[in-house]
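Asks: target_38.txt is reproduced in full below (compact mmCIF, C-alpha atoms).
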# COMPACT_ATOMS: atom_id res chain seq x y z
CA MET A 1 9.88 231.39 216.75
CA SER A 2 6.88 229.59 215.28
CA LEU A 3 5.59 226.27 216.62
CA ARG A 4 6.64 224.56 213.38
CA LEU A 5 10.24 225.75 213.73
CA LEU A 6 10.28 224.57 217.38
CA GLY A 7 9.05 221.18 216.19
CA ILE A 8 11.81 220.98 213.60
CA ALA A 9 14.45 221.89 216.22
CA PHE A 10 13.10 219.25 218.61
CA ALA A 11 13.22 216.62 215.88
CA CYS A 12 16.84 217.56 215.17
CA VAL A 13 17.80 217.05 218.84
CA LEU A 14 16.17 213.63 218.87
CA SER A 15 17.94 212.67 215.66
CA ALA A 16 21.31 213.74 217.04
CA CYS A 17 20.80 211.76 220.24
CA GLY A 18 19.21 208.56 219.10
CA GLY A 19 19.55 208.44 215.34
CA SER A 20 16.71 207.77 212.90
CA ALA A 21 14.77 204.57 212.79
CA GLN A 22 13.95 205.06 209.09
CA GLY A 23 17.50 204.74 207.73
CA PRO A 24 20.38 207.09 206.90
CA SER A 25 19.77 210.76 206.30
CA ARG A 26 21.80 213.77 205.28
CA GLY A 27 22.25 214.74 208.90
CA PRO A 28 20.33 216.99 211.26
CA ALA A 29 18.56 219.88 209.66
CA ALA A 30 19.57 223.36 210.74
CA PRO A 31 16.99 225.45 212.58
CA GLY A 32 14.83 227.25 210.06
CA ALA A 33 15.67 224.81 207.25
CA VAL A 34 13.06 224.85 204.50
CA PRO A 35 11.68 221.45 203.46
CA VAL A 36 11.96 220.94 199.70
CA THR A 37 12.23 218.12 197.22
CA THR A 38 15.41 217.84 195.18
CA THR A 39 16.77 215.83 192.29
CA VAL A 40 20.13 215.15 190.70
CA VAL A 41 20.50 216.35 187.13
CA GLU A 42 21.26 213.51 184.72
CA SER A 43 21.68 213.20 180.97
CA ARG A 44 19.11 211.06 179.17
CA GLN A 45 18.03 209.94 175.71
CA TRP A 46 15.72 212.48 174.11
CA ASN A 47 13.72 212.74 170.89
CA ASP A 48 13.15 216.22 169.53
CA THR A 49 9.85 216.69 167.75
CA LEU A 50 8.56 219.06 165.08
CA ALA A 51 4.91 220.06 165.32
CA ALA A 52 2.67 221.02 162.41
CA LEU A 53 -0.91 220.90 161.16
CA GLY A 54 -1.68 218.56 158.28
CA THR A 55 -4.58 217.55 156.05
CA VAL A 56 -5.68 213.97 155.43
CA ASN A 57 -5.77 212.76 151.83
CA ALA A 58 -7.01 209.38 150.60
CA ARG A 59 -4.48 207.03 149.02
CA GLU A 60 -6.70 207.04 145.92
CA SER A 61 -9.59 209.42 145.41
CA VAL A 62 -11.89 210.14 142.46
CA THR A 63 -15.29 211.55 141.64
CA ILE A 64 -17.23 209.04 139.54
CA THR A 65 -18.70 210.72 136.42
CA ALA A 66 -20.33 209.68 133.15
CA LYS A 67 -18.50 209.81 129.80
CA VAL A 68 -21.63 210.25 127.64
CA SER A 69 -25.00 211.96 127.79
CA GLU A 70 -27.58 209.31 128.62
CA THR A 71 -30.40 208.38 130.97
CA VAL A 72 -29.65 206.36 134.11
CA GLN A 73 -31.20 202.94 133.74
CA ARG A 74 -30.10 201.37 137.04
CA VAL A 75 -28.01 202.30 140.10
CA HIS A 76 -26.18 199.34 141.64
CA PHE A 77 -24.93 200.89 144.90
CA GLU A 78 -25.98 202.79 148.00
CA SER A 79 -24.21 205.62 149.79
CA GLY A 80 -21.28 204.43 151.90
CA ASP A 81 -20.93 201.02 150.23
CA ARG A 82 -17.53 199.37 150.01
CA VAL A 83 -16.81 198.22 146.46
CA ALA A 84 -14.09 196.21 144.73
CA ALA A 85 -12.25 197.27 141.61
CA GLY A 86 -14.41 196.65 138.53
CA ASP A 87 -17.76 196.51 140.35
CA VAL A 88 -20.65 197.93 138.28
CA LEU A 89 -21.95 201.15 139.82
CA VAL A 90 -24.39 202.57 137.26
CA THR A 91 -25.93 201.26 134.04
CA LEU A 92 -27.03 203.85 131.48
CA SER A 93 -29.69 203.28 128.84
CA GLY A 94 -28.19 202.06 125.54
CA ASN A 95 -30.98 200.65 123.36
CA GLN A 96 -29.93 202.64 120.31
CA GLN A 97 -26.31 201.58 120.66
CA GLN A 98 -27.33 197.93 121.00
CA ALA A 99 -29.24 198.12 117.71
CA THR A 100 -26.34 199.83 115.99
CA LEU A 101 -23.99 197.15 117.32
CA ARG A 102 -26.11 194.37 115.85
CA ALA A 103 -26.08 196.12 112.47
CA ALA A 104 -22.30 196.54 112.64
CA GLU A 105 -21.81 192.87 113.56
CA ALA A 106 -23.93 191.83 110.57
CA ALA A 107 -21.88 194.04 108.27
CA ALA A 108 -18.70 192.56 109.71
CA ARG A 109 -19.90 189.02 109.02
CA GLU A 110 -20.75 189.96 105.44
CA ALA A 111 -17.34 191.52 104.92
CA GLU A 112 -15.66 188.41 106.31
CA GLN A 113 -17.60 186.16 103.91
CA GLN A 114 -16.70 188.35 100.93
CA TYR A 115 -13.05 188.26 101.91
CA VAL A 116 -13.05 184.45 102.15
CA ARG A 117 -14.86 184.16 98.79
CA GLY A 118 -12.41 186.55 97.19
CA ASN A 119 -9.47 184.45 98.37
CA GLU A 120 -11.03 181.43 96.66
CA LEU A 121 -11.55 183.33 93.39
CA VAL A 122 -7.99 184.64 93.45
CA GLY A 123 -6.77 181.08 93.84
CA GLN A 124 -8.74 180.10 90.75
CA GLN A 125 -7.40 183.20 88.94
CA LEU A 126 -10.95 184.43 88.32
CA ILE A 127 -10.37 187.93 89.78
CA ALA A 128 -7.34 190.18 89.99
CA ARG A 129 -5.15 189.94 93.09
CA ALA A 130 -5.61 193.65 93.73
CA SER A 131 -9.28 193.00 94.45
CA ILE A 132 -8.42 190.99 97.54
CA ASP A 133 -6.78 194.05 99.07
CA THR A 134 -10.04 195.94 98.79
CA LEU A 135 -11.95 193.07 100.38
CA ARG A 136 -9.45 192.91 103.23
CA ALA A 137 -9.81 196.64 103.87
CA ASN A 138 -13.60 196.34 103.95
CA ARG A 139 -13.33 193.52 106.47
CA GLU A 140 -11.02 195.51 108.80
CA SER A 141 -13.27 198.55 108.57
CA ALA A 142 -16.31 196.49 109.55
CA ARG A 143 -14.43 195.01 112.51
CA ALA A 144 -13.44 198.50 113.64
CA GLN A 145 -17.07 199.59 113.54
CA VAL A 146 -18.00 196.69 115.81
CA ALA A 147 -15.22 197.56 118.26
CA GLU A 148 -16.31 201.20 118.33
CA MET A 149 -19.92 200.30 119.08
CA ARG A 150 -18.88 197.93 121.85
CA ALA A 151 -16.77 200.70 123.39
CA ASN A 152 -19.77 203.05 123.27
CA ILE A 153 -21.89 200.46 125.03
CA GLY A 154 -19.06 199.94 127.58
CA ASP A 155 -19.14 203.67 128.37
CA ARG A 156 -22.74 203.16 129.44
CA THR A 157 -21.67 200.77 132.17
CA ILE A 158 -19.87 202.77 134.87
CA ARG A 159 -17.50 200.68 137.04
CA ALA A 160 -15.36 201.33 140.12
CA PRO A 161 -11.78 202.04 139.00
CA PHE A 162 -10.35 200.76 142.31
CA ALA A 163 -11.50 199.30 145.62
CA GLY A 164 -12.70 201.77 148.20
CA VAL A 165 -15.64 203.43 149.98
CA LEU A 166 -18.34 205.30 148.08
CA GLY A 167 -19.63 208.66 149.27
CA LEU A 168 -23.13 210.05 148.92
CA ARG A 169 -25.12 208.85 145.91
CA GLN A 170 -26.04 211.82 143.70
CA VAL A 171 -28.10 210.21 140.90
CA SER A 172 -31.27 208.16 140.64
CA PRO A 173 -32.76 205.93 137.93
CA GLY A 174 -34.27 208.02 135.15
CA ALA A 175 -31.94 210.97 135.67
CA LEU A 176 -30.17 212.41 132.64
CA VAL A 177 -26.40 212.55 133.10
CA THR A 178 -23.85 214.29 130.90
CA PRO A 179 -20.05 214.11 130.77
CA GLY A 180 -18.80 215.53 134.09
CA THR A 181 -21.99 214.88 136.06
CA ALA A 182 -20.97 213.72 139.56
CA ILE A 183 -22.41 210.32 140.44
CA ALA A 184 -20.54 209.65 143.70
CA THR A 185 -17.09 209.97 145.26
CA LEU A 186 -14.84 206.94 145.70
CA ASP A 187 -11.97 206.93 148.22
CA ASP A 188 -9.44 204.27 149.12
CA ILE A 189 -8.81 205.01 152.81
CA ALA A 190 -7.39 201.69 153.99
CA SER A 191 -4.31 203.86 154.38
CA VAL A 192 -4.15 207.64 154.09
CA TYR A 193 -1.63 210.37 153.43
CA VAL A 194 -1.19 213.46 155.60
CA ASP A 195 0.51 216.46 154.01
CA PHE A 196 1.97 219.08 156.36
CA PRO A 197 4.42 222.00 155.98
CA LEU A 198 7.70 222.40 157.86
CA PRO A 199 10.17 225.31 157.78
CA GLU A 200 12.95 224.98 155.23
CA VAL A 201 15.54 225.30 158.02
CA ARG A 202 14.43 221.81 159.15
CA LEU A 203 14.93 220.27 155.72
CA ALA A 204 18.22 218.57 156.62
CA SER A 205 16.61 216.78 159.58
CA ILE A 206 13.69 215.28 157.63
CA ALA A 207 13.98 211.95 155.83
CA PRO A 208 11.65 209.17 154.63
CA GLY A 209 11.03 206.52 157.27
CA GLN A 210 10.93 208.84 160.28
CA ARG A 211 8.14 208.19 162.77
CA VAL A 212 5.19 210.56 162.79
CA PHE A 213 2.39 210.79 165.34
CA GLY A 214 -0.97 212.30 164.45
CA ARG A 215 -3.88 213.37 166.62
CA SER A 216 -7.35 214.49 165.57
CA ALA A 217 -9.83 216.60 167.51
CA ALA A 218 -12.43 213.96 166.62
CA TYR A 219 -10.54 211.38 168.72
CA PRO A 220 -8.88 213.30 171.59
CA GLY A 221 -6.10 211.52 173.41
CA ALA A 222 -5.57 208.89 170.70
CA ASP A 223 -2.25 209.03 168.84
CA ILE A 224 -1.98 207.43 165.40
CA GLU A 225 1.49 206.35 164.31
CA GLY A 226 2.76 206.67 160.76
CA GLU A 227 5.98 207.37 158.89
CA VAL A 228 7.34 209.94 156.48
CA GLN A 229 6.70 208.78 152.92
CA ILE A 230 8.29 211.57 150.87
CA VAL A 231 9.59 215.12 151.14
CA ASP A 232 8.51 217.46 148.37
CA SER A 233 11.18 218.39 145.85
CA ARG A 234 10.29 222.10 146.01
CA ILE A 235 10.23 224.82 148.66
CA ASP A 236 7.29 227.21 148.64
CA PRO A 237 8.88 230.59 147.79
CA ASP A 238 6.14 232.50 149.65
CA THR A 239 6.16 230.61 152.96
CA ARG A 240 9.70 229.13 152.77
CA ALA A 241 8.21 225.83 153.86
CA VAL A 242 8.55 222.32 152.45
CA THR A 243 5.60 219.93 152.25
CA VAL A 244 6.11 216.55 153.90
CA ARG A 245 3.85 213.58 153.15
CA ALA A 246 3.36 210.94 155.84
CA LYS A 247 1.55 207.62 155.45
CA PHE A 248 -0.83 206.34 158.14
CA ALA A 249 -2.51 202.95 158.33
CA ASN A 250 -6.26 203.43 158.70
CA PRO A 251 -7.85 199.99 159.28
CA GLN A 252 -10.77 201.40 161.30
CA MET A 253 -11.29 204.25 158.80
CA ARG A 254 -11.20 206.88 161.53
CA LEU A 255 -9.24 209.27 159.36
CA ARG A 256 -11.25 210.80 156.54
CA PRO A 257 -10.06 212.91 153.60
CA GLY A 258 -10.01 216.61 154.45
CA MET A 259 -9.61 216.04 158.22
CA LEU A 260 -7.25 218.35 160.14
CA ILE A 261 -4.48 216.49 161.98
CA GLN A 262 -1.98 217.69 164.59
CA VAL A 263 1.31 216.13 163.54
CA ARG A 264 4.44 215.46 165.63
CA LEU A 265 7.54 214.39 163.69
CA GLU A 266 10.18 212.62 165.78
CA GLN A 267 13.83 213.46 165.20
CA GLN A 268 16.82 211.21 165.83
CA GLN A 269 17.63 210.46 169.48
CA ARG A 270 20.28 212.51 171.24
CA GLN A 271 21.64 213.00 174.76
CA ALA A 272 20.04 215.91 176.60
CA LEU A 273 20.13 217.35 180.10
CA MET A 274 16.46 217.31 181.12
CA ILE A 275 15.02 218.55 184.42
CA PRO A 276 11.44 218.91 185.71
CA GLU A 277 9.99 222.10 184.30
CA ILE A 278 8.68 223.22 187.71
CA ALA A 279 12.30 223.58 188.88
CA VAL A 280 12.85 226.43 186.39
CA ILE A 281 12.16 229.93 187.73
CA GLN A 282 11.53 232.86 185.42
CA VAL A 283 11.89 236.39 186.77
CA GLY A 284 11.67 238.99 184.05
CA ARG A 285 14.25 238.01 181.46
CA ASP A 286 16.26 235.95 183.93
CA THR A 287 15.93 232.17 184.10
CA PHE A 288 17.51 230.21 186.93
CA VAL A 289 17.29 227.18 189.19
CA TYR A 290 18.21 226.69 192.82
CA ARG A 291 21.38 224.62 193.13
CA VAL A 292 22.04 222.80 196.40
CA LEU A 293 25.54 223.30 197.82
CA GLU A 294 27.47 220.85 200.01
CA ASP A 295 26.39 222.61 203.22
CA GLU A 296 22.70 222.20 202.24
CA THR A 297 22.30 225.84 201.35
CA VAL A 298 21.04 226.99 197.96
CA GLU A 299 22.16 229.47 195.38
CA GLN A 300 20.58 230.77 192.20
CA THR A 301 22.20 229.38 189.06
CA PRO A 302 21.34 231.05 185.73
CA VAL A 303 20.45 228.54 183.02
CA THR A 304 19.61 228.54 179.33
CA ILE A 305 16.50 226.56 178.40
CA GLY A 306 16.11 224.61 175.18
CA VAL A 307 13.03 222.57 174.35
CA ARG A 308 10.12 222.09 176.73
CA ARG A 309 7.80 219.11 176.48
CA GLU A 310 5.80 216.74 178.68
CA GLY A 311 6.67 218.60 181.89
CA LEU A 312 10.42 218.58 181.19
CA ALA A 313 12.81 221.34 180.20
CA GLU A 314 16.17 220.98 178.48
CA ILE A 315 19.16 222.71 180.05
CA VAL A 316 21.40 223.96 177.27
CA ASN A 317 23.81 225.84 179.50
CA GLY A 318 24.33 226.45 183.23
CA LEU A 319 24.25 222.96 184.79
CA GLU A 320 26.38 219.83 184.67
CA PRO A 321 25.32 216.20 185.15
CA GLY A 322 25.38 215.24 188.85
CA THR A 323 24.29 218.68 190.07
CA ARG A 324 21.63 218.60 192.79
CA ILE A 325 18.80 221.10 192.33
CA VAL A 326 15.54 221.98 194.06
CA VAL A 327 12.43 220.78 192.24
CA ASP A 328 9.50 221.58 194.53
CA GLY A 329 9.39 224.30 197.16
CA THR A 330 11.31 226.94 195.20
CA GLY A 331 8.69 229.60 195.97
CA LYS A 332 9.91 229.83 199.58
CA LEU A 333 13.63 229.93 198.88
CA ARG A 334 16.12 232.78 198.81
CA PRO A 335 19.84 232.52 198.08
CA GLY A 336 21.77 231.28 201.12
CA MET A 337 18.82 229.57 202.79
CA THR A 338 19.29 226.12 204.28
CA ILE A 339 17.09 223.34 202.99
CA VAL A 340 16.09 219.91 204.22
CA GLU A 341 14.90 217.06 202.03
CA GLY A 342 11.17 216.52 202.53
CA THR A 343 8.12 215.22 200.75
CA VAL A 344 6.18 217.07 198.09
CA GLN A 345 3.42 217.78 200.60
CA GLU A 346 5.88 219.24 203.08
CA ALA A 347 7.47 221.40 200.41
CA LYS A 348 4.10 222.80 199.37
CA SER A 349 2.62 223.27 202.86
CA GLN A 350 5.54 225.12 204.45
CA PRO A 351 4.26 228.64 205.31
CA VAL A 352 6.05 231.62 203.83
CA ASP A 353 7.27 234.36 206.15
CA GLU A 354 5.28 237.59 205.69
CA GLY A 355 8.43 239.55 204.97
CA GLU A 356 9.54 237.10 202.35
CA ALA A 357 6.08 237.08 200.76
CA ALA A 358 6.13 240.85 200.48
CA GLY A 359 9.68 240.92 199.11
CA GLY A 360 9.04 238.56 196.19
CA ALA A 361 11.60 236.44 194.40
CA ALA A 362 15.15 237.60 194.38
CA PRO A 363 16.55 238.39 190.97
What do you get writing this file as structure tokens?

Replies:
Amino acid sequence: MSLRLLGIAFACVLSACGGSAQGPSRGPAAPGAVPVTTTVVESRQWNDTLAALGTVNARESVTITAKVSETVQRVHFESGDRVAAGDVLVTLSGNQQQATLRAAEAAAREAEQQYVRGNELVGQQLIARASIDTLRANRESARAQVAEMRANIGDRTIRAPFAGVLGLRQVSPGALVTPGTAIATLDDIASVYVDFPLPEVRLASIAPGQRVFGRSAAYPGADIEGEVQIVDSRIDPDTRAVTVRAKFANPQMRLRPGMLIQVRLEQQQRQALMIPEIAVIQVGRDTFVYRVLEDETVEQTPVTIGVRREGLAEIVNGLEPGTRIVVDGTGKLRPGMTIVEGTVQEAKSQPVDEGEAAGGAAP
């Protein structure tokens, strides 16, 4: 008998004679009892989660371009500037359009004067009433020419369509731009959207308002909380997945469009039988735990495992609430062995008999 077993037997004799000064115990441990740590299985509230990879999209995003072919006269921004809706970004040269506008305004004034004079002559019955219709048409045509020229000049002043953050500036004063030439990108990222796919079998468990947690490799360990905004109305026929869009507040602008995000979607709470994952033993295709009997011996109990997360495993079948199981020290146990409640250090430091070590875990 090893010195450790003799020590355990001696401690048992002392306990039987004088009791324990540290409080009540489960009684004297049998010679050869293996120190382990145990727990009582209890039902608890649990949130299932669905994991996916998503892509960040800005709430509003556009590439600023010119509408006309013209030379850049002035650039009013720098890369990365925050702008408000309506701020002037680029002014294009428009000298010719300004001259044409002045000519159109002069023609409009002349047409207005002729129309007023014609009304006076019609009142004096000096010209036919049909002539006033022609004068009115000329006046409206001149006004339309003025409006058209002002619109052309307005196209030469490029403004921000909404508030946001500008990207890299891609033009300089003097550059010739044409319709479609990229000037800069503009993104509203005060809040962002993250689109991610989920299997169609999960469609019934997804709804707007559910909590979503995102994590980026750029900021390890930092979870960002959002909520489901909308579930796409179509299922992808190739992947049989539905696209879910979640909205995330982004006050510090950490999330940028195009960023890859690890997404966890929380499901509704339910009652689940959760145990520490280290208590579960896998041998081949068999999964079991060590259940503690009333006489402090253990037996292998086959179990069916559900979800695993955060060091916990769900027991779908095989255990009932109130069952006492071994958590730490399972590597030294065999069915029928006697155990004694100890600390984690005791459970891990107990030496394994050479015969047991060679035999391996019992099926």

Asks: Skip Ile132 in chain A itself and residues of its chain fewer than 4 positions away, then list as number ranges by chain all residues within 12 Å of it, counting all atoms listed in the file.

Replies: A: 111-112, 114-123, 125-128, 136-139

Asks: Pick out the residues sitting within 9 Å of range 250-259 of chain A, and hand them over as a PDB file with C-alpha atoms, keeping the file's coordinate frame; count all atoms listed in the file, and ignore anything fewer than 6 positions along from it in its own chain.

Replies:
ATOM      1  CA  GLY A  54      -1.680 218.560 158.280  1.00  0.00           C
ATOM      2  CA  THR A  55      -4.580 217.550 156.050  1.00  0.00           C
ATOM      3  CA  VAL A  56      -5.680 213.970 155.430  1.00  0.00           C
ATOM      4  CA  ASN A  57      -5.770 212.760 151.830  1.00  0.00           C
ATOM      5  CA  ALA A  58      -7.010 209.380 150.600  1.00  0.00           C
ATOM      6  CA  SER A  61      -9.590 209.420 145.410  1.00  0.00           C
ATOM      7  CA  ASP A 187     -11.970 206.930 148.220  1.00  0.00           C
ATOM      8  CA  ILE A 189      -8.810 205.010 152.810  1.00  0.00           C
ATOM      9  CA  ALA A 190      -7.390 201.690 153.990  1.00  0.00           C
ATOM     10  CA  SER A 191      -4.310 203.860 154.380  1.00  0.00           C
ATOM     11  CA  VAL A 192      -4.150 207.640 154.090  1.00  0.00           C
ATOM     12  CA  TYR A 193      -1.630 210.370 153.430  1.00  0.00           C
ATOM     13  CA  SER A 216      -7.350 214.490 165.570  1.00  0.00           C
ATOM     14  CA  ALA A 218     -12.430 213.960 166.620  1.00  0.00           C
ATOM     15  CA  TYR A 219     -10.540 211.380 168.720  1.00  0.00           C
ATOM     16  CA  ILE A 224      -1.980 207.430 165.400  1.00  0.00           C
TER      17      ILE A 224
END

Asks: Identify which of the residues A:Gly226, A:Pro276, A:Gly80, A:Pro208 lies closest to Gly167 in chain A, counting all atoms listed in the file when measuring atom-to-atom distances.

Replies: A:Gly80

Asks: Could you tell me which of A:Val194, A:Ala246, A:Met274, A:Val72 comes closest to Gly209 in chain A if we count all atoms listed in the file?

Replies: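 Result for the nearest residue to Gly209 in chain A: A:Ala246.
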
Asks: Here is a test: counting only C-alpha atoms, which residue of A:Asp286, A:Glu70, A:Asp87, A:Glu200 is nearest to Val244 in chain A?

Replies: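 So, comparing all the options, the nearest one is A:Glu200.
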
Asks: Given all atoms listed in the file as the basis, pick out the residue of A:Gly331, A:Pro302, A:Gly336, A:Pro161 nearest to Thr63 in chain A.

Replies: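 Distance minimum relative to Thr63 in chain A lands on A:Pro161.
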